[in-house]
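Student: For reference, this is run09.txt, and it has compact mmCIF, C-alpha atoms and all ligand atoms.
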# COMPACT_ATOMS: atom_id res chain seq x y z
CA MET P 288 78.54 66.89 261.85
CA LEU P 289 75.99 69.63 261.30
CA PRO P 290 77.09 72.89 262.96
CA GLU P 291 75.13 74.37 265.86
CA ASN P 292 72.34 76.70 264.63
CA PHE P 293 72.55 74.99 261.25
CA ILE P 294 70.50 76.78 258.58
CA PRO P 295 69.62 74.45 255.71
CA VAL P 296 69.61 75.36 252.02
CA ILE P 297 65.94 74.98 251.03
CA LYS P 298 65.01 74.75 247.34
CA VAL P 299 61.30 75.12 246.62
CA PHE P 300 59.73 73.79 243.42
CA GLU P 301 56.18 74.27 242.16
CA SER P 302 55.97 70.70 240.85
CA VAL P 303 58.36 67.74 240.66
CA GLU P 304 57.88 64.02 240.11
CA SER P 305 59.21 63.14 243.57
CA THR P 306 61.30 65.30 245.91
CA ASN P 307 63.29 62.17 246.85
CA ASP P 308 64.23 61.69 243.18
CA THR P 309 65.06 65.39 242.66
CA LEU P 310 67.54 65.20 245.53
CA ARG P 311 69.01 61.85 244.49
CA GLN P 312 69.56 63.06 240.93
CA MET P 313 71.28 66.34 241.83
CA SER P 314 74.67 66.76 240.22
CA PRO P 315 77.01 67.68 241.80
CA PRO P 316 75.61 65.99 244.94
CA PRO P 317 73.90 68.40 247.35
CA GLU P 318 75.44 69.73 250.53
CA GLU P 319 74.58 67.96 253.76
CA GLY P 320 71.21 69.11 255.04
CA THR P 321 69.92 70.39 251.67
CA VAL P 322 66.12 70.35 251.56
CA ILE P 323 63.91 70.02 248.49
CA VAL P 324 60.29 71.13 248.90
CA ALA P 325 57.58 70.75 246.26
CA ARG P 326 54.09 72.22 246.25
CA GLU P 327 52.94 69.10 244.40
CA GLN P 328 54.46 65.83 243.20
CA THR P 329 53.36 64.05 240.04
CA LYS P 330 54.94 60.70 240.97
CA GLY P 331 55.07 60.82 244.76
CA ARG P 332 56.18 57.52 246.21
CA GLY P 333 55.23 55.85 249.45
CA SER P 334 56.78 52.89 251.18
CA ARG P 335 56.46 49.34 249.75
CA GLY P 336 56.02 50.69 246.20
CA ARG P 337 52.80 52.50 247.03
CA VAL P 338 51.74 55.77 245.44
CA TRP P 339 51.86 58.89 247.63
CA ASN P 340 49.09 61.05 246.22
CA SER P 341 50.59 64.56 246.27
CA PRO P 342 48.26 67.31 245.06
CA LYS P 343 48.73 70.96 246.05
CA GLY P 344 47.86 71.50 249.70
CA GLY P 345 50.21 68.89 251.15
CA LEU P 346 53.73 69.24 252.51
CA TYR P 347 56.26 67.23 250.50
CA LEU P 348 59.93 67.53 251.32
CA SER P 349 63.18 65.59 251.27
CA VAL P 350 66.38 66.14 253.23
CA PHE P 351 69.84 64.98 252.16
CA LEU P 352 72.13 63.54 254.85
CA LYS P 353 75.61 62.11 254.50
CA VAL P 354 74.95 59.05 256.64
CA GLN P 355 75.52 55.58 255.31
CA LYS P 356 75.04 53.40 258.35
CA ARG P 357 71.99 52.44 260.40
CA LEU P 358 69.61 53.94 257.85
CA THR P 359 66.74 52.33 259.75
CA ASP P 360 67.28 54.93 262.52
CA LEU P 361 66.28 57.82 260.23
CA PRO P 362 62.57 57.06 259.64
CA LEU P 363 62.18 56.70 263.41
CA LEU P 364 63.97 60.02 264.01
CA ALA P 365 61.90 61.75 261.30
CA GLY P 366 58.74 60.17 262.74
CA VAL P 367 59.38 61.85 266.11
CA ALA P 368 59.85 65.25 264.40
CA LEU P 369 56.68 64.72 262.37
CA ALA P 370 54.55 63.58 265.32
CA GLN P 371 55.73 66.51 267.48
CA THR P 372 54.99 68.93 264.63
CA VAL P 373 51.50 67.53 264.06
CA GLN P 374 50.75 67.63 267.80
CA SER P 375 51.81 71.30 267.87
CA VAL P 376 48.95 72.28 265.53
CA LEU P 377 46.26 70.04 267.04
CA SER P 378 44.37 70.12 270.31
CA LYS P 379 45.78 67.91 273.08
CA ALA P 380 42.61 65.82 272.94
CA MET P 381 43.76 64.40 269.60
CA ILE P 382 46.07 61.46 270.00
CA VAL P 383 49.06 61.84 267.69
CA SER P 384 51.30 58.79 267.44
CA VAL P 385 54.22 57.42 265.51
CA LYS P 386 53.52 53.98 264.07
CA TRP P 387 56.43 51.67 263.34
CA PRO P 388 58.34 52.07 261.17
CA ASN P 389 57.44 55.20 259.22
CA ASP P 390 53.92 56.51 259.81
CA CYS P 391 52.35 59.36 261.73
CA MET P 392 48.82 58.70 262.96
CA VAL P 393 46.07 60.79 264.53
CA ASN P 394 43.28 58.88 266.25
CA ALA P 395 44.20 55.74 264.24
CA LYS P 396 44.17 57.51 260.87
CA LYS P 397 47.30 58.18 258.84
CA VAL P 398 48.22 61.85 258.43
CA GLY P 399 51.81 61.54 257.22
CA GLY P 400 54.59 59.16 256.28
CA ILE P 401 58.32 58.88 255.71
CA LEU P 402 60.30 57.29 252.90
CA CYS P 403 64.06 56.99 253.47
CA GLU P 404 66.23 55.91 250.57
CA SER P 405 69.97 55.55 250.27
CA CYS P 406 72.03 56.89 247.38
CA SER P 407 75.74 56.67 246.56
CA THR P 408 76.61 59.76 248.61
CA GLY P 409 74.29 59.32 251.59
CA CYS P 410 70.62 59.11 252.40
CA VAL P 411 67.43 60.94 251.44
CA VAL P 412 64.72 61.35 254.07
CA GLY P 413 61.39 62.07 252.37
CA ILE P 414 58.49 63.32 254.47
CA GLY P 415 54.89 63.75 253.34
CA LEU P 416 52.18 65.39 255.46
CA ASN P 417 48.52 65.81 254.53
CA VAL P 418 48.06 69.42 255.54
CA ASN P 419 45.28 71.16 253.60
CA LEU P 420 43.95 68.13 251.73
CA ALA P 421 40.20 67.57 251.52
CA ALA P 422 38.55 64.15 251.83
CA GLU P 423 38.30 63.81 248.03
CA HIS P 424 42.13 63.90 247.75
CA LEU P 425 42.42 61.04 250.23
CA ALA P 426 39.73 58.80 248.74
CA LEU P 427 42.45 56.53 247.30
CA TYR P 428 43.33 55.39 250.82
CA GLN P 429 39.91 54.92 252.38
CA ASN P 430 40.02 51.13 252.10
CA GLU P 431 43.49 50.82 253.63
CA ALA P 432 43.93 49.26 257.06
CA PHE P 433 44.45 52.80 258.34
CA PRO P 434 42.49 55.34 256.25
CA ALA P 435 44.11 58.70 255.57
CA THR P 436 43.23 62.00 257.18
CA SER P 437 44.60 65.54 256.98
CA ILE P 438 45.24 68.45 259.33
CA LYS P 439 42.47 70.32 257.49
CA ILE P 440 39.92 67.56 258.22
CA LEU P 441 41.06 67.32 261.84
CA THR P 442 41.03 71.07 262.57
CA GLU P 443 38.22 72.01 260.18
CA GLY P 444 40.39 74.80 258.81
CA GLU P 445 43.47 75.64 256.76
CA THR P 446 46.98 75.64 258.21
CA ASN P 447 49.85 77.67 256.77
CA ILE P 448 52.10 75.12 255.04
CA ASP P 449 55.25 77.27 255.30
CA ASP P 450 54.79 77.56 259.07
CA ILE P 451 54.35 73.83 259.52
CA GLN P 452 57.37 73.21 257.28
CA SER P 453 59.55 75.51 259.44
CA VAL P 454 58.47 73.77 262.65
CA LEU P 455 59.10 70.34 261.12
CA LEU P 456 62.57 71.20 259.80
CA LYS P 457 63.62 72.84 263.06
CA LYS P 458 62.58 69.77 265.03
CA PHE P 459 64.13 67.41 262.48
CA PHE P 460 67.56 69.09 262.47
CA ASN P 461 67.59 69.45 266.28
CA LEU P 462 66.91 65.73 266.61
CA TYR P 463 69.47 64.91 263.95
CA ARG P 464 72.16 66.93 265.73
CA MET P 465 71.31 65.14 268.96
CA TYR P 466 71.52 61.81 267.11
CA GLU P 467 74.96 62.71 265.72
CA GLN P 468 76.20 63.59 269.21
CA GLU P 469 74.48 61.02 271.42
CA GLY P 470 73.49 58.18 269.11
CA PHE P 471 70.13 56.42 268.84
CA SER P 472 69.32 56.10 272.54
CA PRO P 473 67.53 59.51 272.98
CA ILE P 474 65.66 58.89 269.71
CA GLN P 475 64.52 55.48 270.99
CA TYR P 476 63.24 57.19 274.17
CA LEU P 477 61.45 59.98 272.28
CA TRP P 478 59.99 57.58 269.73
CA GLU P 479 58.44 55.47 272.48
CA LYS P 480 57.24 58.63 274.25
CA ASN P 481 55.45 59.69 271.04
CA CYS P 482 53.97 56.24 270.44
CA ALA P 483 50.42 55.63 271.65
CA LEU P 484 50.53 51.93 270.71
CA ILE P 485 52.88 50.65 273.40
CA GLY P 486 51.18 48.02 275.55
CA LYS P 487 48.37 47.70 272.98
CA LYS P 488 47.32 44.59 271.11
CA ILE P 489 48.55 44.77 267.51
CA GLU P 490 48.44 42.67 264.37
CA PHE P 491 51.73 42.58 262.51
CA ARG P 492 52.65 41.33 259.03
CA ASP P 493 56.15 40.58 257.84
CA PRO P 494 56.76 40.68 254.06
CA ASN P 495 59.49 38.04 254.42
CA TRP P 496 57.04 35.59 255.93
CA ALA P 497 58.93 35.46 259.20
CA THR P 498 55.45 35.23 260.69
CA GLU P 499 54.85 31.97 258.73
CA GLY P 500 52.60 33.75 256.25
CA ARG P 501 50.07 34.67 258.90
CA PRO P 502 49.60 37.97 260.66
CA LEU P 503 50.99 37.80 264.15
CA THR P 504 48.93 39.10 267.04
CA GLY P 505 50.59 40.26 270.24
CA THR P 506 51.28 43.12 272.59
CA PHE P 507 53.48 45.88 271.22
CA LEU P 508 56.40 46.33 273.61
CA GLY P 509 58.23 49.18 271.82
CA ILE P 510 61.53 49.30 269.94
CA ASP P 511 64.95 48.04 270.93
CA GLU P 512 68.29 49.86 270.78
CA THR P 513 68.55 49.10 267.03
CA GLY P 514 65.01 50.34 266.25
CA ALA P 515 63.59 46.82 265.82
CA LEU P 516 59.94 46.27 266.72
CA MET P 517 59.31 44.08 269.78
CA ILE P 518 56.17 42.04 270.31
CA ALA P 519 55.09 39.74 273.14
CA THR P 520 52.99 36.96 271.66
CA GLY P 521 50.15 35.13 273.36
CA GLN P 522 52.45 32.11 273.71
CA GLY P 523 54.63 34.04 276.13
CA GLU P 524 57.31 34.58 273.50
CA ARG P 525 59.08 37.88 272.84
CA ARG P 526 59.85 38.44 269.15
CA LYS P 527 61.78 41.12 267.27
CA PHE P 528 61.25 42.26 263.68
CA TYR P 529 63.40 44.44 261.44
CA SER P 530 60.86 44.82 258.61
CA GLY P 531 57.12 44.52 258.20
CA GLU P 532 54.17 46.62 259.29
CA ILE P 533 51.53 46.95 261.95
CA VAL P 534 48.27 46.33 260.08
CA CYS P 535 45.84 46.68 262.95
CA TYR P 536 45.76 47.87 266.55
CA TRP P 537 43.18 47.93 269.27
CA PRO P 538 42.75 50.95 271.57
C1 LIG C 1 54.61 56.30 253.34
O1 LIG C 1 54.01 56.49 254.38
O2 LIG C 1 54.27 55.39 252.56
C2 LIG C 1 55.76 57.18 252.98
C3 LIG C 1 55.31 58.44 252.29
C4 LIG C 1 56.45 59.37 251.92
C5 LIG C 1 56.01 60.52 251.06
C6 LIG C 1 57.09 61.54 250.88
S1 LIG C 1 56.50 63.04 250.15
C7 LIG C 1 58.14 63.60 249.94
C8 LIG C 1 58.95 62.41 249.50
N1 LIG C 1 58.88 62.23 248.07
C9 LIG C 1 58.27 61.09 247.72
O3 LIG C 1 58.08 60.70 246.55
N2 LIG C 1 57.90 60.44 248.83
C10 LIG C 1 58.28 61.13 250.02
Would you encode the structure as structure tokens?

Tutor:
Amino acid sequence: MLPENFIPVIKVFESVESTNDTLRQMSPPPEEGTVIVAREQTKGRGSRGRVWNSPKGGLYLSVFLKVQKRLTDLPLLAGVALAQTVQSVLSKAMIVSVKWPNDCMVNAKKVGGILCESCSTGCVVGIGLNVNLAAEHLALYQNEAFPATSIKILTEGETNIDDIQSVLLKKFFNLYRMYEQEGFSPIQYLWEKNCALIGKKIEFRDPNWATEGRPLTGTFLGIDETGALMIATGQGERRKFYSGEIVCYWP
């Protein structure tokens, strides 16, 4: 268990390939709660084998945790911390939302994401946030289902990356301590509270073809007590998914 008022060891690098890899390759293994921050990544990785373009101006960090069970809880927990952090620097008129399982969206554009990976001694939670990135840095993602945006584009100004990092880590470790003490239930509640897609029509794709190779359209109901996504289909069926992604949603 992390102690109350836990203060993490934070190691800051100018440039690394991937903060997740730096943490996973540390020998001896890092202490619980160790954070690696990089000003840029040369081989930043996103989910599903995608590239996470990581030039200077973004926030790239990874946290080491000694958990080895229910690793699917962690991206949801980190997503709440990320969405709350992003909302804290934007006007209330901007709709910040988590998107299952590991994205942070603002007005239907992706501003940040989470990549959790296990290693022999625990789990690495990698978080990327487009802070001071200009449109040219995000061009790679403009044809994605959800184009990328940044805090700089949204606020038309620069935000101090160290400040946003402190807010994010404080929220993350507070949520993690609560998770250690009370389990997933408060995270499930907060995740749904920070999700603007509940009750909306979504299109969902499952990489394992559980949707018979076709995208499934239905109403997003939220997540269950294991973090699984729940959809009500037009046929009056309620279905649960443990992997896959929301590829489209309607306001
Ligand atoms: C996604 O939305 O696809 C997940 C993006 C995760 C990016 C972060 S940046 C810090 C950490 N290091 C990586 O190589 N990836 C994660």

Student: Restricting the calculation to all atoms listed in the file: of P:Lys488, P:Val418, P:Gly400, P:Asp308, which residue gets closest to Asp449 of chain P?

Tutor: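 Of P:Lys488, P:Val418, P:Gly400, P:Asp308, the one nearest Asp449 of chain P is P:Val418, counting all atoms listed in the file.
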
Student: How close does segment 404-521 of chain P get to segment 357-381 of chain P? List, as JSON lines, each residue of segment 404-521 of chain P within 6 Å, its nearest atom pair and the distance in Å to one decimal, counting only C-alpha atoms.

Tutor:
{"residue": "P:Leu455", "atom": "CA", "partner": "P:Thr372", "partner_atom": "CA", "distance": 5.6}
{"residue": "P:Lys458", "atom": "CA", "partner": "P:Ala368", "partner_atom": "CA", "distance": 5.3}
{"residue": "P:Phe459", "atom": "CA", "partner": "P:Ala368", "partner_atom": "CA", "distance": 5.2}
{"residue": "P:Trp478", "atom": "CA", "partner": "P:Val367", "partner_atom": "CA", "distance": 5.6}

Student: Given the selection you just returned, output its residues as a file containing C-alpha atoms, formatted as a short mmCIF file (atom, residue, chain, number, x, y, z; two decimals), in the coordinates of the input.

Tutor:
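What landed in out_0.cif:
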data_model
loop_
_atom_site.label_atom_id
_atom_site.label_comp_id
_atom_site.auth_asym_id
_atom_site.auth_seq_id
_atom_site.Cartn_x
_atom_site.Cartn_y
_atom_site.Cartn_z
CA LEU P 455 59.10 70.34 261.12
CA LYS P 458 62.58 69.77 265.03
CA PHE P 459 64.13 67.41 262.48
CA TRP P 478 59.99 57.58 269.73
#

Student: Given a cut-off of 8 Å, what residues near ligand LIG 1 (chain C) show up using only C-alpha atoms and all ligand atoms, put as a PyMOL selection string?

Tutor: chain P and resi 304-308+324+328+330-335+337-339+341+346-349+389-390+399-403+412-416

Student: Fewer than 5 positions away in the same chain doesn't count, so skip those; otherwise give me all residues within 8 Å of Glu327 of chain P, counting only C-alpha atoms, as a list in words.

Tutor: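 Within the cut-off, the hits are Glu301, Ser302, Val303, Ser341, Pro342, Lys343, Gly344, Gly345 and Tyr347 of chain P.
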
Student: Select, counting only C-alpha atoms, all protein, DNA and RNA residues no farther than 9 Å from (47.1, 46.8, 263.3) in file coordinates, and express the selection as a VMD selection string.

Tutor: chain P and resid 432 to 433 488 to 492 504 532 to 537

Student: Could you work out how far atom CA of Met313 of chain P lies from atom CA of Gln468 of chain P, giving the answer in Å with one decimal?

Tutor: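 Going from atom CA of Gln468 of chain P over to atom CA of Met313 of chain P, I get 28.0 Å.
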
Student: Once you count all atoms listed in the file, which residues end up no further than 12 Å from (62.2, 75.0, 259.3) in the file's frame, shown as a VMD selection string?

Tutor: chain P and resid 292 to 297 320 to 322 324 348 350 368 372 448 to 461

Student: Could you list, as number ranges by chain, every residue within 8 Å of Glu445 of chain P, counting only C-alpha atoms and ignoring same-chain residues fewer than 3 positions away?

Tutor: P: 418-419, 438-439, 442

Student: Can you measure atom CA of Arg326 of chain P to atom CA of Met392 of chain P for me? One decimal in Å is fine.

Tutor: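 Going from atom CA of Arg326 of chain P over to atom CA of Met392 of chain P covers 22.1 Å.
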
Student: Mind giving me the straight-line distance from atom CA of Leu516 of chain P to atom CA of Phe528 of chain P in Å, one decimal?

Tutor: 5.2 Å

Student: Could you name the residues that touch Glu431 of chain P at 10 Å or less, counting all atoms listed in the file, but leaving out those on the same chain fewer than 3 positions away, as a PyMOL selection string?

Tutor: chain P and resi 396-397+427-428+434-435+534

Student: Using all atoms listed in the file, which of P:Ala325, P:Ile382, P:Leu289, P:Leu441 sits nearest Asn481 of chain P?

Tutor: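 Counting all atoms listed in the file, the residue closest to Asn481 of chain P is P:Ile382.
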
Student: Missing atoms in segment 301-326 of chain P should be modelled up to N, CA and C atoms and reported as a short mmCIF file (atom, residue, chain, number, x, y, z; two decimals), keeping the file's coordinate frame.

Tutor:
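In the end it all went to part23.cif:
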data_model
loop_
_atom_site.label_atom_id
_atom_site.label_comp_id
_atom_site.auth_asym_id
_atom_site.auth_seq_id
_atom_site.Cartn_x
_atom_site.Cartn_y
_atom_site.Cartn_z
N GLU P 301 57.64 74.28 242.31
CA GLU P 301 56.18 74.27 242.16
C GLU P 301 55.70 72.82 242.01
N SER P 302 56.40 72.07 241.12
CA SER P 302 55.97 70.70 240.85
C SER P 302 57.18 69.86 240.47
N VAL P 303 57.31 68.69 241.06
CA VAL P 303 58.36 67.74 240.66
C VAL P 303 57.72 66.36 240.63
N GLU P 304 58.43 65.38 240.08
CA GLU P 304 57.88 64.02 240.11
C GLU P 304 57.89 63.52 241.55
N SER P 305 59.07 63.57 242.17
CA SER P 305 59.21 63.14 243.57
C SER P 305 60.39 63.90 244.17
N THR P 306 60.19 64.53 245.31
CA THR P 306 61.30 65.30 245.91
C THR P 306 62.48 64.37 246.25
N ASN P 307 62.19 63.11 246.58
CA ASN P 307 63.29 62.17 246.85
C ASN P 307 64.15 62.01 245.59
N ASP P 308 63.49 61.89 244.43
CA ASP P 308 64.23 61.69 243.18
C ASP P 308 64.99 62.96 242.80
N THR P 309 64.39 64.12 242.99
CA THR P 309 65.06 65.39 242.66
C THR P 309 66.38 65.47 243.42
N LEU P 310 66.34 65.12 244.69
CA LEU P 310 67.54 65.20 245.53
C LEU P 310 68.56 64.14 245.12
N ARG P 311 68.08 62.94 244.86
CA ARG P 311 69.01 61.85 244.49
C ARG P 311 69.69 62.09 243.16
N GLN P 312 69.00 62.85 242.27
CA GLN P 312 69.56 63.06 240.93
C GLN P 312 70.40 64.33 240.82
N MET P 313 70.53 65.08 241.91
CA MET P 313 71.28 66.34 241.83
C MET P 313 72.75 66.10 241.51
N SER P 314 73.26 66.87 240.59
CA SER P 314 74.67 66.76 240.22
C SER P 314 75.26 68.17 240.09
N PRO P 315 76.33 68.51 240.81
CA PRO P 315 77.01 67.68 241.80
C PRO P 315 76.11 67.38 242.98
N PRO P 316 76.45 66.36 243.80
CA PRO P 316 75.61 65.99 244.94
C PRO P 316 75.38 67.18 245.87
N PRO P 317 74.21 67.25 246.49
CA PRO P 317 73.90 68.40 247.35
C PRO P 317 74.76 68.42 248.60
N GLU P 318 74.76 69.61 249.23
CA GLU P 318 75.44 69.73 250.53
C GLU P 318 74.61 69.04 251.59
N GLU P 319 75.28 68.59 252.64
CA GLU P 319 74.58 67.96 253.76
C GLU P 319 73.48 68.88 254.28
N GLY P 320 72.31 68.33 254.47
CA GLY P 320 71.21 69.11 255.04
C GLY P 320 70.38 69.85 254.00
N THR P 321 70.72 69.72 252.71
CA THR P 321 69.92 70.39 251.67
C THR P 321 68.50 69.83 251.68
N VAL P 322 67.53 70.75 251.53
CA VAL P 322 66.12 70.35 251.56
C VAL P 322 65.47 70.69 250.23
N ILE P 323 64.73 69.75 249.67
CA ILE P 323 63.91 70.02 248.49
C ILE P 323 62.45 69.99 248.93
N VAL P 324 61.73 71.06 248.58
CA VAL P 324 60.29 71.13 248.90
C VAL P 324 59.54 71.25 247.58
N ALA P 325 58.42 70.56 247.46
CA ALA P 325 57.58 70.75 246.26
C ALA P 325 56.15 71.02 246.69
N ARG P 326 55.50 71.91 245.95
CA ARG P 326 54.09 72.22 246.25
C ARG P 326 53.19 71.07 245.82
#
